[in-house]
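Engineer: Sending over a structure as structure tokens; questions will come in a sec.
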Amino acid sequence: MRLTDLYIHLSNNDSNPCRLLTGSHRQPIFGDYTPICQNYELVEFDQVVDGIEVAKIVHVQVNWNSTDPVAEI
């Protein structure tokens with residue numbers, strides 16, 4: 001199977017904490033965020049899609065730091 005993943009969030013809260021998922025700014029508005037409050041990088045993505053050919057992905061920004069948007073990427 002070959003697909004395009006249209007919505008992927010990559011995160012490393014150790015080196016680039018996301019305000020939505022860490023610290024005092026954490027305000028769950030869509031239920032419990034605990035399952036996603038961990039690092040999720042391409043290594044983890046590859047494990048999840050094992051056996052599926054991902055032709056393209058779209059990385060979605062999460063407003064990590066509006067003064068330095070390139071750093072998030």
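Residues in the structure tokens are named by chain (A, B, ... in the order shown) and by number from 1 within that chain; ligands are numbered from 1 in the order shown.
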Please return as a PyMOL selection string: the residues of chain A that backbone DSSP assigns to alpha helix (DSSP H).
Structural biologist: chain A and resi 42-48+69-72
Engineer: Using only C-alpha atoms, determine which residues lie at most 6 Å from Val54 (chain A), disregarding the query and same-chain residues fewer than 2 positions distant; provide the list as a PyMOL selection string.
Structural biologist: chain A and resi 2-4+56
Engineer: Keeping only N, CA and C atoms, write the selected residues to a file as an mmCIF file, in the first residue's frame.
Structural biologist:
data_model
loop_
_atom_site.group_PDB
_atom_site.id
_atom_site.type_symbol
_atom_site.label_atom_id
_atom_site.label_comp_id
_atom_site.auth_asym_id
_atom_site.auth_seq_id
_atom_site.Cartn_x
_atom_site.Cartn_y
_atom_site.Cartn_z
ATOM 1 N N ARG A 2 0.555 2.212 -0.793
ATOM 2 C CA ARG A 2 1.300 3.466 -0.872
ATOM 3 C C ARG A 2 0.349 4.607 -0.533
ATOM 4 N N LEU A 3 0.795 5.524 0.319
ATOM 5 C CA LEU A 3 -0.098 6.610 0.702
ATOM 6 C C LEU A 3 0.647 7.894 0.972
ATOM 7 N N THR A 4 -0.116 8.971 1.070
ATOM 8 C CA THR A 4 0.392 10.265 1.519
ATOM 9 C C THR A 4 -0.255 10.551 2.861
ATOM 10 N N LYS A 56 4.666 10.505 0.678
ATOM 11 C CA LYS A 56 4.825 11.904 1.073
ATOM 12 C C LYS A 56 4.204 12.099 2.451
#
Engineer: Select, from A:Ser11, A:Thr22, A:Ile29, A:Glu41, the residue with the minimum atom-to-atom distance to Ala71 (chain A), counting only C-alpha atoms.
Structural biologist: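 Once distances to Ala71 (chain A) are computed over only C-alpha atoms, the minimum belongs to A:Ser11.
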Engineer: Could you check the closest approach to Cys18 (chain A) for each of A:Leu6, A:Asp46, A:Gln38, A:Gly31 and tell me which residue wins, using only C-alpha atoms?
Structural biologist: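 Among the listed residues, the smallest separation from Cys18 (chain A) belongs to A:Gln38.
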Engineer: Within 8 Å of Leu21 (chain A), counting only C-alpha atoms, which residues qualify if same-chain residues fewer than 6 places away don't, as a PyMOL selection string?
Structural biologist: chain A and resi 33+36-37
Engineer: Please measure the separation of CA of Ile57 (chain A) and CA of Val70 (chain A), giving the value in Å to one decimal.
Structural biologist: 17.8 Å
Engineer: Grab the CA of Asp32 (chain A) to CA of Leu10 (chain A) distance for me, in Å with one decimal place.
Structural biologist: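 Separating CA of Asp32 (chain A) from CA of Leu10 (chain A) is a distance of 18.7 Å.
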Engineer: List as a list in words the protein and nucleic acid residues near Asn13 (chain A), meaning an atom at most 6 Å away when only C-alpha atoms are counted, but skip any in the same chain fewer than 3 places from it.
Structural biologist: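 Answer for this query is Asn16, Pro17 and Asn39 of chain A.
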Engineer: Any idea what the distance is between CA of Asp5 (chain A) and CA of Leu20 (chain A)?
Structural biologist: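 Separating CA of Asp5 (chain A) from CA of Leu20 (chain A) is a distance of 22.4 Å.
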Engineer: With only C-alpha atoms as the basis for distance, which of A:Phe30, A:Ser15, A:Ile8, A:Val60 is at the shortest distance from Leu42 (chain A)?
Structural biologist: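 Using only C-alpha atoms, Leu42 (chain A) sits closest to A:Ile8.
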